[in-house]
Amino acid sequence: MSAKRLSRRDAVLDAAISTLAANPNASLAEIAAAAGIGRATLHRYFGSRHGLLNEVARRALRDVDEAAAGIPYDDLSPAQMLQAVLEAVIPLGDRYYFLSTMAPSHDPEIVAASERQSRELADMVEALKAGGVFASDVPTRWAATTLDAMIWAGWAAVGKGDVARNDVVDLAYRTIVLGLGRNQ
């Protein structure tokens, strides 16, 4: 595939992610319109809705992996690690939303990557508990689900103009830490 075609395909995937985050039931025609292409062109890129959803899931997983890979975990305290993760992934809230609500669950590659990311998030939660950022009695899956929800909420609030982009990480961090931290 040519570089131009790959770039256009990525732009279509971005449009699909945004459209599906706003309307999980969006039709292929709506996704194509959002991408500025015709439905026939969308079919040439992805073949079917199923093919598109698989590629959106792969893209979302890759984007989250790339954002997380840039964090210097070993050089950060647990509290700094949480802030860095929020900073890196809140801009990917639409991808988080897609992965938690619409990602195809029958593709072994997607399932494996999703399970790996879930384990990594659970490991991070355990590190936050061990570091005293989260209370030790908070169930790990609850904390992970709360983090996922705050990432989506932060992204959505910025997108709606309810919260300034510069404020969202601090607000999400405070909400998470005060909600999952130790009771005083």
# chains A, B, ... in the order shown; residues from 1 in each chain; ligands from 1
call {"tool": "residues_around", "arguments": {"residues": "Val138 in chain A", "least_positions_apart": "3", "cutoff": "7 Å", "atoms": "only C-alpha atoms", "output": "JSON, numbers by chain"}}
result
{"A": [135, 143, 180]}
call {"tool": "select_by_dssp", "arguments": {"residues": "range 17-160 of chain A", "states": "alpha helix (DSSP H)", "output": "VMD selection string"}}
result
chain A and resid 17 to 22 28 to 35 39 to 46 49 to 69 78 to 89 93 to 101 108 to 130 140 to 160
call {"tool": "closest_residue", "arguments": {"among": "A:Pro104, A:Gly38, A:Gly159, A:Gly93", "to": "Leu53 in chain A", "atoms": "only C-alpha atoms"}}
result
A:Pro104
call {"tool": "closest_residue", "arguments": {"among": "A:Ala57, A:Ala67, A:Val125, A:Val85", "to": "Ala112 in chain A", "atoms": "only C-alpha atoms"}}
result
A:Ala57
call {"tool": "atom_distance", "arguments": {"atom1": "CA of Ser118 in chain A", "atom2": "CA of Arg165 in chain A"}}
result
26.0 Å
call {"tool": "residues_around", "arguments": {"residues": "range 10-22 of chain A", "least_positions_apart": "4", "cutoff": "7 Å", "atoms": "only C-alpha atoms", "output": "list in words"}}
result
Leu6, Ala26, Ile31, Ala34, Ala35, Val56, Asp94, Arg95, Tyr97 and Phe98 of chain A
call {"tool": "write_last_selection", "arguments": {"atoms": "C-alpha atoms", "output": "CSV table (one decimal), in the first residue's frame"}}
result
chain,number,residue,atom,x,y,z
A,6,LEU,CA,-1.8,4.5,4.2
A,26,ALA,CA,-23.2,5.0,13.4
A,31,ILE,CA,-18.5,7.0,9.0
A,34,ALA,CA,-17.2,11.9,8.5
A,35,ALA,CA,-14.1,10.7,6.7
A,56,VAL,CA,-10.3,0.4,14.6
A,94,ASP,CA,-12.2,7.8,22.3
A,95,ARG,CA,-10.0,4.8,21.8
A,97,TYR,CA,-14.3,4.1,24.9
A,98,PHE,CA,-14.3,2.0,21.7
call {"tool": "closest_residue", "arguments": {"among": "A:Arg174, A:Val163, A:Tyr45, A:Leu86", "to": "Leu147 in chain A", "atoms": "only C-alpha atoms"}}
result
A:Leu86
call {"tool": "residues_around", "arguments": {"residues": "Gly181 in chain A", "least_positions_apart": "3", "cutoff": "10 Å", "atoms": "only C-alpha atoms", "output": "compact mmCIF listing (two decimals) with N, CA and C atoms, in the first residue's frame"}}
result
# COMPACT_ATOMS: atom_id res chain seq x y z
N LEU A 128 0.12 1.26 42.39
CA LEU A 128 -0.44 2.44 43.02
C LEU A 128 -0.93 2.13 44.44
N LYS A 129 -1.43 0.92 44.63
CA LYS A 129 -1.81 0.49 45.98
C LYS A 129 -0.57 0.35 46.86
N GLY A 132 0.83 3.55 48.06
CA GLY A 132 -0.01 4.36 48.92
C GLY A 132 -0.88 5.39 48.22
N VAL A 133 -0.90 5.36 46.89
CA VAL A 133 -1.74 6.29 46.14
C VAL A 133 -3.19 5.84 46.21
N PHE A 134 -3.42 4.54 46.08
CA PHE A 134 -4.75 3.96 46.21
C PHE A 134 -4.79 3.17 47.52
N ALA A 135 -5.96 3.13 48.13
CA ALA A 135 -6.14 2.33 49.34
C ALA A 135 -5.99 0.85 48.98
N SER A 136 -5.39 0.11 49.88
CA SER A 136 -5.14 -1.30 49.61
C SER A 136 -6.41 -2.14 49.57
N ASP A 137 -7.50 -1.66 50.17
CA ASP A 137 -8.73 -2.44 50.19
C ASP A 137 -9.63 -2.20 48.98
N VAL A 138 -9.22 -1.31 48.08
CA VAL A 138 -10.01 -1.07 46.86
C VAL A 138 -9.75 -2.22 45.90
N ARG A 174 -7.05 14.23 40.65
CA ARG A 174 -7.67 14.52 41.95
C ARG A 174 -8.90 13.67 42.19
N THR A 175 -9.72 13.52 41.18
CA THR A 175 -10.93 12.72 41.32
C THR A 175 -10.59 11.27 41.63
N ILE A 176 -9.63 10.73 40.91
CA ILE A 176 -9.24 9.34 41.11
C ILE A 176 -8.60 9.14 42.48
N VAL A 177 -7.64 9.98 42.82
CA VAL A 177 -6.92 9.80 44.09
C VAL A 177 -7.84 10.02 45.28
N LEU A 178 -8.67 11.04 45.23
CA LEU A 178 -9.58 11.28 46.35
C LEU A 178 -10.64 10.18 46.46
N GLN A 184 -9.71 9.18 55.23
CA GLN A 184 -9.05 9.89 56.34
C GLN A 184 -9.81 9.70 57.63
